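Source file structure-v2.json; content: JSON, C-alpha atoms and all ligand atoms.
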[["chain", "number", "residue", "atom", "x", "y", "z"],
["A", 1, "MET", "CA", 67.72, 199.16, 167.89],
["A", 2, "GLU", "CA", 65.78, 202.13, 166.56],
["A", 3, "LEU", "CA", 65.52, 204.54, 163.68],
["A", 4, "ARG", "CA", 65.10, 207.64, 165.80],
["A", 5, "LEU", "CA", 67.98, 210.14, 165.75],
["A", 6, "VAL", "CA", 67.09, 212.27, 168.75],
["A", 7, "GLY", "CA", 70.20, 214.04, 170.08],
["A", 8, "LYS", "CA", 72.23, 213.28, 166.94],
["A", 9, "ASN", "CA", 73.99, 215.95, 164.86],
["A", 10, "ALA", "CA", 73.97, 215.79, 161.07],
["A", 11, "LEU", "CA", 75.54, 217.62, 158.12],
["A", 12, "VAL", "CA", 73.98, 217.24, 154.67],
["A", 13, "THR", "CA", 75.61, 218.99, 151.71],
["A", 14, "GLY", "CA", 73.34, 220.44, 149.02],
["A", 15, "GLY", "CA", 70.10, 220.39, 150.99],
["A", 16, "SER", "CA", 67.97, 223.08, 149.37],
["A", 17, "ARG", "CA", 66.48, 220.95, 146.59],
["A", 18, "GLY", "CA", 65.85, 217.40, 145.40],
["A", 19, "ILE", "CA", 67.30, 214.40, 147.20],
["A", 20, "GLY", "CA", 69.32, 216.48, 149.68],
["A", 21, "ARG", "CA", 66.24, 218.37, 150.78],
["A", 22, "ALA", "CA", 64.33, 215.10, 151.35],
["A", 23, "ILE", "CA", 67.25, 213.78, 153.42],
["A", 24, "VAL", "CA", 67.48, 216.97, 155.49],
["A", 25, "LEU", "CA", 63.76, 216.85, 156.29],
["A", 26, "ALA", "CA", 63.81, 213.12, 157.08],
["A", 27, "LEU", "CA", 66.76, 213.51, 159.47],
["A", 28, "ALA", "CA", 65.16, 216.53, 161.17],
["A", 29, "LYS", "CA", 61.84, 214.69, 161.55],
["A", 30, "ALA", "CA", 63.71, 211.73, 163.07],
["A", 31, "GLY", "CA", 65.03, 214.11, 165.73],
["A", 32, "ALA", "CA", 68.50, 215.04, 164.48],
["A", 33, "THR", "CA", 69.87, 218.60, 164.47],
["A", 34, "VAL", "CA", 70.81, 219.32, 160.88],
["A", 35, "VAL", "CA", 73.24, 221.72, 159.22],
["A", 36, "THR", "CA", 72.95, 221.94, 155.45],
["A", 37, "CYS", "CA", 74.26, 224.10, 152.63],
["A", 38, "TYR", "CA", 73.42, 225.39, 149.17],
["A", 39, "ARG", "CA", 74.87, 227.88, 146.67],
["A", 40, "GLN", "CA", 72.02, 229.93, 145.26],
["A", 41, "GLU", "CA", 69.78, 232.12, 147.38],
["A", 42, "GLY", "CA", 66.13, 231.81, 146.42],
["A", 43, "GLU", "CA", 62.78, 230.21, 147.14],
["A", 44, "ALA", "CA", 64.23, 226.70, 147.53],
["A", 45, "ALA", "CA", 66.47, 227.68, 150.45],
["A", 46, "ALA", "CA", 63.87, 230.02, 151.94],
["A", 47, "SER", "CA", 61.10, 227.40, 151.87],
["A", 48, "LEU", "CA", 63.41, 224.78, 153.40],
["A", 49, "ALA", "CA", 64.16, 227.20, 156.25],
["A", 50, "ARG", "CA", 60.43, 227.58, 156.84],
["A", 51, "GLU", "CA", 59.83, 223.82, 156.82],
["A", 52, "LEU", "CA", 62.68, 223.21, 159.26],
["A", 53, "LYS", "CA", 61.31, 225.89, 161.56],
["A", 54, "GLU", "CA", 57.95, 224.10, 161.60],
["A", 55, "ILE", "CA", 59.62, 220.80, 162.49],
["A", 56, "GLY", "CA", 61.48, 222.56, 165.30],
["A", 57, "GLY", "CA", 65.10, 222.33, 166.51],
["A", 58, "GLU", "CA", 68.34, 224.25, 166.02],
["A", 59, "HIS", "CA", 68.86, 223.53, 162.33],
["A", 60, "ALA", "CA", 71.02, 225.75, 160.12],
["A", 61, "LEU", "CA", 71.17, 226.53, 156.40],
["A", 62, "ILE", "CA", 74.45, 227.95, 155.19],
["A", 63, "ARG", "CA", 75.38, 229.35, 151.81],
["A", 64, "ALA", "CA", 78.57, 227.45, 151.02],
["A", 65, "ASP", "CA", 79.95, 225.91, 147.82],
["A", 66, "VAL", "CA", 81.46, 222.49, 148.61],
["A", 67, "GLY", "CA", 83.30, 222.60, 145.30],
["A", 68, "THR", "CA", 85.68, 225.16, 146.81],
["A", 69, "ALA", "CA", 88.10, 224.94, 149.73],
["A", 70, "GLU", "CA", 86.72, 228.21, 151.17],
["A", 71, "GLY", "CA", 83.14, 226.90, 151.06],
["A", 72, "VAL", "CA", 84.08, 223.69, 152.82],
["A", 73, "GLU", "CA", 86.10, 225.62, 155.41],
["A", 74, "LEU", "CA", 83.11, 227.86, 156.15],
["A", 75, "LEU", "CA", 80.69, 224.94, 156.38],
["A", 76, "LEU", "CA", 82.82, 222.87, 158.74],
["A", 77, "ARG", "CA", 83.67, 225.90, 160.87],
["A", 78, "GLU", "CA", 79.94, 226.36, 161.35],
["A", 79, "CYS", "CA", 79.55, 222.67, 162.28],
["A", 80, "GLY", "CA", 82.46, 222.94, 164.73],
["A", 81, "ASN", "CA", 80.89, 226.00, 166.37],
["A", 82, "ARG", "CA", 77.58, 224.18, 166.84],
["A", 83, "PHE", "CA", 78.52, 220.55, 167.42],
["A", 84, "GLU", "CA", 81.05, 218.68, 169.55],
["A", 85, "THR", "CA", 80.52, 215.60, 167.42],
["A", 86, "LEU", "CA", 79.06, 214.85, 164.03],
["A", 87, "ASP", "CA", 77.00, 211.64, 164.06],
["A", 88, "VAL", "CA", 75.82, 211.73, 160.46],
["A", 89, "LEU", "CA", 77.54, 213.23, 157.42],
["A", 90, "VAL", "CA", 75.74, 213.04, 154.07],
["A", 91, "ASN", "CA", 77.75, 214.01, 150.98],
["A", 92, "ASN", "CA", 74.85, 214.76, 148.68],
["A", 93, "ALA", "CA", 75.72, 217.90, 146.67],
["A", 94, "GLY", "CA", 76.26, 216.96, 143.06],
["A", 95, "VAL", "CA", 76.13, 218.43, 139.57],
["A", 96, "ILE", "CA", 75.62, 216.84, 136.18],
["A", 97, "SER", "CA", 75.68, 217.70, 132.48],
["A", 98, "GLN", "CA", 75.32, 215.84, 129.21],
["A", 99, "VAL", "CA", 78.27, 216.37, 126.89],
["A", 100, "PRO", "CA", 79.69, 214.03, 124.23],
["A", 101, "PHE", "CA", 83.09, 212.93, 125.47],
["A", 102, "ALA", "CA", 84.83, 214.16, 122.30],
["A", 103, "GLN", "CA", 83.55, 217.69, 123.02],
["A", 104, "LEU", "CA", 83.98, 217.64, 126.78],
["A", 105, "PRO", "CA", 86.01, 220.71, 127.78],
["A", 106, "PHE", "CA", 88.54, 220.30, 130.57],
["A", 107, "GLU", "CA", 86.72, 223.07, 132.51],
["A", 108, "GLU", "CA", 83.49, 221.04, 132.50],
["A", 109, "TRP", "CA", 85.33, 217.91, 133.67],
["A", 110, "GLU", "CA", 86.86, 219.99, 136.46],
["A", 111, "ARG", "CA", 83.53, 221.62, 137.45],
["A", 112, "VAL", "CA", 81.78, 218.26, 137.84],
["A", 113, "VAL", "CA", 84.67, 216.53, 139.60],
["A", 114, "ALA", "CA", 85.11, 219.54, 141.95],
["A", 115, "THR", "CA", 81.62, 219.24, 143.41],
["A", 116, "ASN", "CA", 81.01, 215.49, 143.05],
["A", 117, "LEU", "CA", 84.37, 213.99, 144.09],
["A", 118, "THR", "CA", 86.76, 216.63, 145.42],
["A", 119, "GLY", "CA", 83.88, 218.10, 147.47],
["A", 120, "PRO", "CA", 83.29, 214.89, 149.48],
["A", 121, "PHE", "CA", 87.09, 214.50, 149.90],
["A", 122, "MET", "CA", 87.38, 218.00, 151.36],
["A", 123, "VAL", "CA", 84.23, 217.71, 153.50],
["A", 124, "ILE", "CA", 85.23, 214.34, 154.99],
["A", 125, "SER", "CA", 88.81, 215.56, 155.63],
["A", 126, "LYS", "CA", 87.62, 218.67, 157.46],
["A", 127, "ALA", "CA", 84.91, 216.73, 159.33],
["A", 128, "LEU", "CA", 87.32, 214.10, 160.69],
["A", 129, "PRO", "CA", 87.93, 215.83, 164.06],
["A", 130, "LEU", "CA", 84.16, 215.72, 164.67],
["A", 131, "LEU", "CA", 83.68, 212.10, 163.59],
["A", 132, "GLY", "CA", 84.07, 209.22, 166.04],
["A", 133, "GLU", "CA", 82.68, 205.95, 167.37],
["A", 134, "GLY", "CA", 79.21, 205.46, 165.88],
["A", 135, "SER", "CA", 79.45, 208.19, 163.20],
["A", 136, "SER", "CA", 77.96, 207.34, 159.82],
["A", 137, "VAL", "CA", 79.24, 208.88, 156.59],
["A", 138, "ILE", "CA", 76.84, 208.47, 153.67],
["A", 139, "THR", "CA", 77.83, 209.52, 150.17],
["A", 140, "ILE", "CA", 75.36, 209.82, 147.32],
["A", 141, "GLY", "CA", 76.81, 208.06, 144.29],
["A", 142, "SER", "CA", 74.82, 206.95, 141.26],
["A", 143, "ARG", "CA", 73.56, 203.73, 139.69],
["A", 144, "GLY", "CA", 74.98, 205.16, 136.48],
["A", 145, "ALA", "CA", 78.52, 204.85, 137.83],
["A", 146, "MET", "CA", 78.33, 201.07, 137.48],
["A", 147, "ALA", "CA", 76.07, 200.97, 134.41],
["A", 148, "GLY", "CA", 77.87, 203.66, 132.38],
["A", 149, "ILE", "CA", 75.88, 206.41, 130.64],
["A", 150, "PRO", "CA", 76.72, 207.99, 127.28],
["A", 151, "LEU", "CA", 77.41, 211.76, 127.38],
["A", 152, "ARG", "CA", 78.12, 211.56, 131.10],
["A", 153, "GLY", "CA", 81.63, 210.14, 131.30],
["A", 154, "HIS", "CA", 82.74, 213.00, 133.56],
["A", 155, "TYR", "CA", 79.77, 212.45, 135.89],
["A", 156, "THR", "CA", 80.03, 208.65, 136.07],
["A", 157, "ALA", "CA", 83.80, 208.87, 136.63],
["A", 158, "SER", "CA", 83.24, 211.20, 139.59],
["A", 159, "LYS", "CA", 80.55, 208.93, 141.04],
["A", 160, "ALA", "CA", 82.61, 205.75, 140.58],
["A", 161, "GLY", "CA", 85.44, 207.51, 142.42],
["A", 162, "LEU", "CA", 83.19, 207.86, 145.45],
["A", 163, "VAL", "CA", 82.83, 204.08, 145.67],
["A", 164, "GLY", "CA", 86.62, 203.62, 145.78],
["A", 165, "LEU", "CA", 86.97, 206.41, 148.33],
["A", 166, "THR", "CA", 84.29, 204.83, 150.51],
["A", 167, "ARG", "CA", 85.82, 201.34, 150.31],
["A", 168, "SER", "CA", 89.24, 202.66, 151.36],
["A", 169, "LEU", "CA", 87.93, 204.89, 154.14],
["A", 170, "CYS", "CA", 85.77, 202.12, 155.63],
["A", 171, "LYS", "CA", 88.97, 200.14, 156.10],
["A", 172, "GLU", "CA", 91.08, 203.06, 157.30],
["A", 173, "PHE", "CA", 88.54, 204.25, 159.88],
["A", 174, "GLY", "CA", 86.70, 201.04, 160.84],
["A", 175, "GLY", "CA", 88.94, 200.78, 163.90],
["A", 176, "ARG", "CA", 87.58, 204.11, 165.11],
["A", 177, "GLY", "CA", 83.98, 202.91, 164.70],
["A", 178, "ILE", "CA", 83.22, 205.26, 161.80],
["A", 179, "ARG", "CA", 81.13, 203.73, 159.02],
["A", 180, "PHE", "CA", 81.27, 204.80, 155.35],
["A", 181, "ASN", "CA", 78.61, 203.81, 152.82],
["A", 182, "VAL", "CA", 77.33, 204.89, 149.41],
["A", 183, "ILE", "CA", 73.73, 205.20, 148.26],
["A", 184, "ALA", "CA", 73.50, 204.74, 144.49],
["A", 185, "PRO", "CA", 70.16, 206.12, 143.27],
["A", 186, "GLY", "CA", 68.65, 205.16, 139.92],
["A", 187, "VAL", "CA", 66.58, 207.84, 138.19],
["A", 188, "ILE", "CA", 64.90, 209.98, 140.82],
["A", 189, "ASP", "CA", 62.24, 212.51, 139.88],
["A", 190, "THR", "CA", 63.37, 215.76, 141.44],
["A", 191, "SER", "CA", 61.03, 217.78, 139.15],
["A", 192, "GLU", "CA", 63.89, 220.05, 138.21],
["A", 193, "PRO", "CA", 63.84, 221.76, 134.81],
["A", 194, "ASP", "CA", 66.68, 220.46, 132.66],
["A", 195, "GLU", "CA", 68.19, 221.19, 129.29],
["A", 196, "LEU", "CA", 66.17, 218.49, 127.45],
["A", 197, "THR", "CA", 63.55, 219.39, 124.83],
["A", 198, "ASP", "CA", 60.07, 217.81, 125.15],
["A", 199, "GLU", "CA", 60.98, 215.26, 122.50],
["A", 200, "GLN", "CA", 64.28, 214.39, 124.19],
["A", 201, "ARG", "CA", 62.45, 214.14, 127.51],
["A", 202, "ALA", "CA", 59.90, 211.68, 126.05],
["A", 203, "GLN", "CA", 62.73, 209.56, 124.59],
["A", 204, "TYR", "CA", 64.60, 209.69, 127.89],
["A", 205, "ASN", "CA", 61.52, 208.62, 129.88],
["A", 206, "GLU", "CA", 60.78, 205.75, 127.52],
["A", 207, "ARG", "CA", 64.35, 204.50, 127.56],
["A", 208, "TYR", "CA", 64.79, 204.63, 131.34],
["A", 209, "LEU", "CA", 61.30, 203.52, 132.42],
["A", 210, "ARG", "CA", 61.76, 200.34, 130.40],
["A", 211, "MET", "CA", 64.87, 199.51, 132.49],
["A", 212, "MET", "CA", 63.14, 199.77, 135.84],
["A", 213, "ALA", "CA", 61.48, 196.67, 137.22],
["A", 214, "LEU", "CA", 59.07, 198.81, 139.23],
["A", 215, "GLY", "CA", 58.15, 200.72, 136.06],
["A", 216, "ARG", "CA", 58.51, 204.19, 137.56],
["A", 217, "PHE", "CA", 61.13, 206.70, 138.60],
["A", 218, "GLY", "CA", 62.03, 207.01, 142.28],
["A", 219, "ARG", "CA", 61.05, 209.80, 144.64],
["A", 220, "PRO", "CA", 63.53, 211.81, 146.73],
["A", 221, "ASP", "CA", 61.91, 210.52, 149.93],
["A", 222, "GLU", "CA", 62.72, 206.97, 148.83],
["A", 223, "ILE", "CA", 66.43, 207.89, 148.87],
["A", 224, "ALA", "CA", 65.89, 209.62, 152.22],
["A", 225, "GLY", "CA", 64.51, 206.32, 153.57],
["A", 226, "ALA", "CA", 67.77, 204.57, 152.70],
["A", 227, "ALA", "CA", 69.74, 207.46, 154.21],
["A", 228, "LEU", "CA", 67.78, 207.19, 157.47],
["A", 229, "PHE", "CA", 68.60, 203.49, 157.65],
["A", 230, "LEU", "CA", 72.32, 204.11, 157.06],
["A", 231, "ALA", "CA", 72.32, 207.03, 159.53],
["A", 232, "SER", "CA", 70.73, 205.05, 162.33],
["A", 233, "GLU", "CA", 71.90, 202.20, 164.53],
["A", 234, "LEU", "CA", 69.73, 199.86, 162.43],
["A", 235, "SER", "CA", 72.69, 199.68, 160.02],
["A", 236, "SER", "CA", 75.42, 199.46, 162.68],
["A", 237, "TYR", "CA", 77.14, 196.50, 160.92],
["A", 238, "VAL", "CA", 76.75, 197.87, 157.37],
["A", 239, "ASN", "CA", 80.09, 199.32, 156.27],
["A", 240, "GLY", "CA", 81.78, 199.97, 152.93],
["A", 241, "GLU", "CA", 78.55, 199.08, 151.13],
["A", 242, "THR", "CA", 76.97, 200.57, 148.02],
["A", 243, "LEU", "CA", 73.23, 200.43, 148.44],
["A", 244, "HIS", "CA", 71.47, 200.63, 145.05],
["A", 245, "VAL", "CA", 68.10, 202.32, 145.34],
["A", 246, "ASP", "CA", 66.91, 202.12, 141.76],
["A", 247, "GLY", "CA", 63.61, 200.28, 141.54],
["A", 248, "GLY", "CA", 65.38, 197.21, 140.19],
["A", 249, "VAL", "CA", 67.47, 198.10, 137.13],
["A", 301, "LIG", "P1", 69.44, 218.77, 142.46],
["A", 301, "LIG", "O1", 70.13, 219.47, 141.35],
["A", 301, "LIG", "O2", 67.96, 218.62, 142.43],
["A", 301, "LIG", "O3", 69.87, 219.44, 143.86],
["A", 301, "LIG", "C1", 71.22, 219.59, 144.15],
["A", 301, "LIG", "C2", 71.36, 220.28, 145.48],
["A", 301, "LIG", "O4", 72.74, 220.39, 145.80],
["A", 301, "LIG", "C3", 70.79, 221.66, 145.47],
["A", 301, "LIG", "O5", 70.31, 221.98, 146.76],
["A", 301, "LIG", "C4", 72.01, 222.52, 145.12],
["A", 301, "LIG", "O6", 71.86, 223.84, 145.58],
["A", 301, "LIG", "C5", 73.09, 221.78, 145.88],
["A", 301, "LIG", "N1", 74.44, 221.92, 145.33],
["A", 301, "LIG", "C6", 74.88, 221.58, 144.09],
["A", 301, "LIG", "N2", 76.19, 221.84, 143.98],
["A", 301, "LIG", "C7", 76.58, 222.36, 145.15],
["A", 301, "LIG", "C8", 77.83, 222.84, 145.65],
["A", 301, "LIG", "N3", 78.93, 222.83, 144.90],
["A", 301, "LIG", "N4", 77.88, 223.29, 146.91],
["A", 301, "LIG", "C9", 76.76, 223.31, 147.69],
["A", 301, "LIG", "N5", 75.57, 222.88, 147.29],
["A", 301, "LIG", "C10", 75.48, 222.41, 146.02],
["A", 301, "LIG", "O7", 70.15, 217.32, 142.52],
["A", 301, "LIG", "P2", 69.52, 215.91, 142.89],
["A", 301, "LIG", "O8", 68.69, 215.99, 144.10],
["A", 301, "LIG", "O9", 68.96, 215.32, 141.65],
["A", 301, "LIG", "O10", 70.85, 215.08, 143.21],
["A", 301, "LIG", "C11", 71.40, 215.00, 144.51],
["A", 301, "LIG", "C12", 72.52, 213.98, 144.48],
["A", 301, "LIG", "O11", 72.02, 212.73, 144.02],
["A", 301, "LIG", "C13", 73.65, 214.36, 143.53],
["A", 301, "LIG", "O12", 74.89, 213.97, 144.08],
["A", 301, "LIG", "C14", 73.33, 213.57, 142.28],
["A", 301, "LIG", "O13", 74.46, 213.32, 141.49],
["A", 301, "LIG", "C15", 72.78, 212.29, 142.92],
["A", 301, "LIG", "N6", 71.95, 211.52, 142.01],
["A", 301, "LIG", "C16", 70.76, 212.02, 141.53],
["A", 301, "LIG", "C17", 69.96, 211.26, 140.71],
["A", 301, "LIG", "C18", 68.65, 211.75, 140.19],
["A", 301, "LIG", "O14", 68.03, 211.04, 139.37],
["A", 301, "LIG", "N7", 68.15, 212.90, 140.60],
["A", 301, "LIG", "C19", 70.38, 209.92, 140.28],
["A", 301, "LIG", "C20", 71.64, 209.49, 140.84],
["A", 301, "LIG", "C21", 72.38, 210.26, 141.68],
["A", 301, "LIG", "P3", 72.29, 225.07, 144.64],
["A", 301, "LIG", "O15", 71.59, 224.88, 143.34],
["A", 301, "LIG", "O16", 71.88, 226.28, 145.43],
["A", 301, "LIG", "O17", 73.74, 224.94, 144.52]]

Can the structure from this file be put into structure tokens for me?
Ligand code: NDP
Amino acid sequence: MELRLVGKNALVTGGSRGIGRAIVLALAKAGATVVTCYRQEGEAAASLARELKEIGGEHALIRADVGTAEGVELLLRECGNRFETLDVLVNNAGVISQVPFAQLPFEEWERVVATNLTGPFMVISKALPLLGEGSSVITIGSRGAMAGIPLRGHYTASKAGLVGLTRSLCKEFGGRGIRFNVIAPGVIDTSEPDELTDEQRAQYNERYLRMMALGRFGRPDEIAGAALFLASELSSYVNGETLHVDGGV
């Protein structure tokens, strides 16, 4: 049993920044050939392309929005052109916002659900012909889905939906040897600017750091470690599981 993924093909959605980027790099370093996607052109995607080139291999970065049927079609067409099989599929792309439920517009609910829940549905559906015995489907949920977070009802609902989807699919496709699992991160420091003021940020840090037994936020590479485990044969009997990677909340 080993962690290496030499000769394996992987698709990671939303790989240009944050957790997705760490997962892409970890899979590539473990020997997998990785296809990933993003929406916005810029330094994040360009620097990832450079890093992947240094690692070596036939990796690909594609501009495709997994919140749309056209984006998913494009992405999976690219995978089909490159791969005969898909050994690892990571549904990582996700969006978030903080809106009081009473003011939550339907459009914002739809935007978040489109990427976080409908996206994985469409990606898994289109990937099915490439998945088979030994394939591992990993979906990035959230610790918040089980805890509940004020101002994020739309986000937590989308993330909780992924757990139900994973539980059902593990049963529907277990007979074909395809595994489905969720990684539920706690608060991970992706060093992204957000809409919080300095004061709100300080309050946020104090509130969340107090909850974490390890007393710190997680790093993207610590989620990538869990993804490597679930991608590899080391987890060959782990199926339908939600793995909380949250420093002990
Ligand atoms: P970031 O915002 O740092 O990065 C998100 C990545 O996904 C970017 O590369 C972004 O590229 C891409 N992306 C977003 N939407 C789409 C889309 N519709 N189609 C294609 N690509 C897309 O997010 P994080 O790294 O923080 O989060 C990654 C995942 O982990 C998400 O599912 C998130 O909900 C989950 N998570 C994160 C936690 C955290 O503390 N950071 C905690 C719990 C869960 P672009 O901007 O170009 O679209």

With 12 Å as the threshold, what does the neighbourhood of (70.6, 204.2, 146.3) contain in terms of residues, counting only C-alpha atoms? Coordinates are those of the file; answer as a ChimeraX atom specification. /A:19,92,138-145,181-188,218-230,241-249

Residue nearest ligand LIG 301 (chain A) - candidates A:Thr166, A:Thr68, A:Ser136, A:Thr33, atoms counted: all atoms listed in the file: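 The answer is A:Thr68, which sits nearest to ligand LIG 301 (chain A).
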
Can I get the residues close to ligand LIG 301 (chain A) as a JSON list (two decimals) with C-alpha atoms, in the frame of the given file, where close means within 6 Å and we count only C-alpha atoms and all ligand atoms?
[["chain", "number", "residue", "atom", "x", "y", "z"],
["A", 13, "THR", "CA", 75.61, 218.99, 151.71],
["A", 14, "GLY", "CA", 73.34, 220.44, 149.02],
["A", 15, "GLY", "CA", 70.10, 220.39, 150.99],
["A", 16, "SER", "CA", 67.97, 223.08, 149.37],
["A", 17, "ARG", "CA", 66.48, 220.95, 146.59],
["A", 18, "GLY", "CA", 65.85, 217.40, 145.40],
["A", 19, "ILE", "CA", 67.30, 214.40, 147.20],
["A", 20, "GLY", "CA", 69.32, 216.48, 149.68],
["A", 37, "CYS", "CA", 74.26, 224.10, 152.63],
["A", 38, "TYR", "CA", 73.42, 225.39, 149.17],
["A", 39, "ARG", "CA", 74.87, 227.88, 146.67],
["A", 40, "GLN", "CA", 72.02, 229.93, 145.26],
["A", 64, "ALA", "CA", 78.57, 227.45, 151.02],
["A", 65, "ASP", "CA", 79.95, 225.91, 147.82],
["A", 66, "VAL", "CA", 81.46, 222.49, 148.61],
["A", 67, "GLY", "CA", 83.30, 222.60, 145.30],
["A", 92, "ASN", "CA", 74.85, 214.76, 148.68],
["A", 93, "ALA", "CA", 75.72, 217.90, 146.67],
["A", 94, "GLY", "CA", 76.26, 216.96, 143.06],
["A", 95, "VAL", "CA", 76.13, 218.43, 139.57],
["A", 115, "THR", "CA", 81.62, 219.24, 143.41],
["A", 140, "ILE", "CA", 75.36, 209.82, 147.32],
["A", 141, "GLY", "CA", 76.81, 208.06, 144.29],
["A", 142, "SER", "CA", 74.82, 206.95, 141.26],
["A", 185, "PRO", "CA", 70.16, 206.12, 143.27],
["A", 186, "GLY", "CA", 68.65, 205.16, 139.92],
["A", 187, "VAL", "CA", 66.58, 207.84, 138.19],
["A", 188, "ILE", "CA", 64.90, 209.98, 140.82],
["A", 189, "ASP", "CA", 62.24, 212.51, 139.88],
["A", 190, "THR", "CA", 63.37, 215.76, 141.44]]

Point out the residue among A:Asn91, A:Arg4, A:Leu162, A:Glu192 with the least atom-to-atom distance to Ala44 of chain A, counting all atoms listed in the file. A:Glu192

May I ask which of the residues A:Arg167, A:Lys8, A:Arg176, A:Arg207 is the closest one to Thr85 of chain A, counting all atoms listed in the file?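 Ranking A:Arg167, A:Lys8, A:Arg176, A:Arg207 by distance to Thr85 of chain A, first place goes to A:Lys8.
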
Atom CA of Gly175 of chain A and atom CA of Asn81 of chain A are how many Å apart?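 About the pair atom CA of Gly175 of chain A and atom CA of Asn81 of chain A: they are 26.6 Å apart.
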
Atomic distance atom CA of Met122 of chain A - atom CA of Val88 of chain A, expressed in Å with one decimal: 16.0 Å

A:Ala147, A:Val6, A:Ala213, A:Ile96: which is nearest Glu195 of chain A, counting all atoms listed in the file?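 Smallest separation from Glu195 of chain A among the options: A:Ile96.
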
A:Ser232, A:Ile124, A:Leu48, A:Gly161: which is nearest Asn9 of chain A, counting all atoms listed in the file?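 Closest to Asn9 of chain A of all the choices is A:Ser232.
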
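Reported to one decimal place, the separation of atom CA of Leu52 of chain A from atom CA of Ser125 of chain A is 27.5 Å.
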
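Distances from A:Leu89, A:Leu151, A:Leu165, A:Cys79 to Gln103 of chain A were compared using only C-alpha atoms, and the smallest one belongs to A:Leu151.
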
Centre and edges of the segment 21-40 of chain A box, axis-aligned, 6 Å extra per side, as AutoDock Vina command-line options:
--center_x 68.4 --center_y 220.8 --center_z 155.5 --size_x 25.0 --size_y 30.2 --size_z 32.5

With N, CA and C atoms as the target, complete segment 129-140 of chain A and hand it back as a short mmCIF file (atom, residue, chain, number, x, y, z; two decimals), keeping the file's coordinate frame.
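After the write, part07.cif holds the following:
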data_model
loop_
_atom_site.label_atom_id
_atom_site.label_comp_id
_atom_site.auth_asym_id
_atom_site.auth_seq_id
_atom_site.Cartn_x
_atom_site.Cartn_y
_atom_site.Cartn_z
N PRO A 129 87.83 215.59 162.62
CA PRO A 129 87.93 215.83 164.06
C PRO A 129 86.59 215.69 164.79
N LEU A 130 85.48 215.82 164.03
CA LEU A 130 84.16 215.72 164.67
C LEU A 130 83.58 214.31 164.58
N LEU A 131 84.21 213.45 163.77
CA LEU A 131 83.68 212.10 163.59
C LEU A 131 84.30 211.15 164.62
N GLY A 132 83.53 210.17 165.06
CA GLY A 132 84.07 209.22 166.04
C GLY A 132 83.20 207.98 166.12
N GLU A 133 83.41 207.19 167.16
CA GLU A 133 82.68 205.95 167.37
C GLU A 133 81.18 206.14 167.11
N GLY A 134 80.64 205.39 166.16
CA GLY A 134 79.21 205.46 165.88
C GLY A 134 78.83 206.43 164.77
N SER A 135 79.79 207.25 164.28
CA SER A 135 79.45 208.19 163.20
C SER A 135 79.21 207.43 161.89
N SER A 136 78.28 207.96 161.11
CA SER A 136 77.96 207.34 159.82
C SER A 136 78.15 208.36 158.71
N VAL A 137 79.00 208.02 157.75
CA VAL A 137 79.24 208.88 156.59
C VAL A 137 78.55 208.24 155.38
N ILE A 138 77.63 208.97 154.80
CA ILE A 138 76.84 208.47 153.67
C ILE A 138 77.15 209.34 152.46
N THR A 139 77.52 208.74 151.36
CA THR A 139 77.83 209.52 150.17
C THR A 139 76.88 209.12 149.05
N ILE A 140 76.31 210.12 148.39
CA ILE A 140 75.36 209.82 147.32
C ILE A 140 76.12 209.63 146.02
#
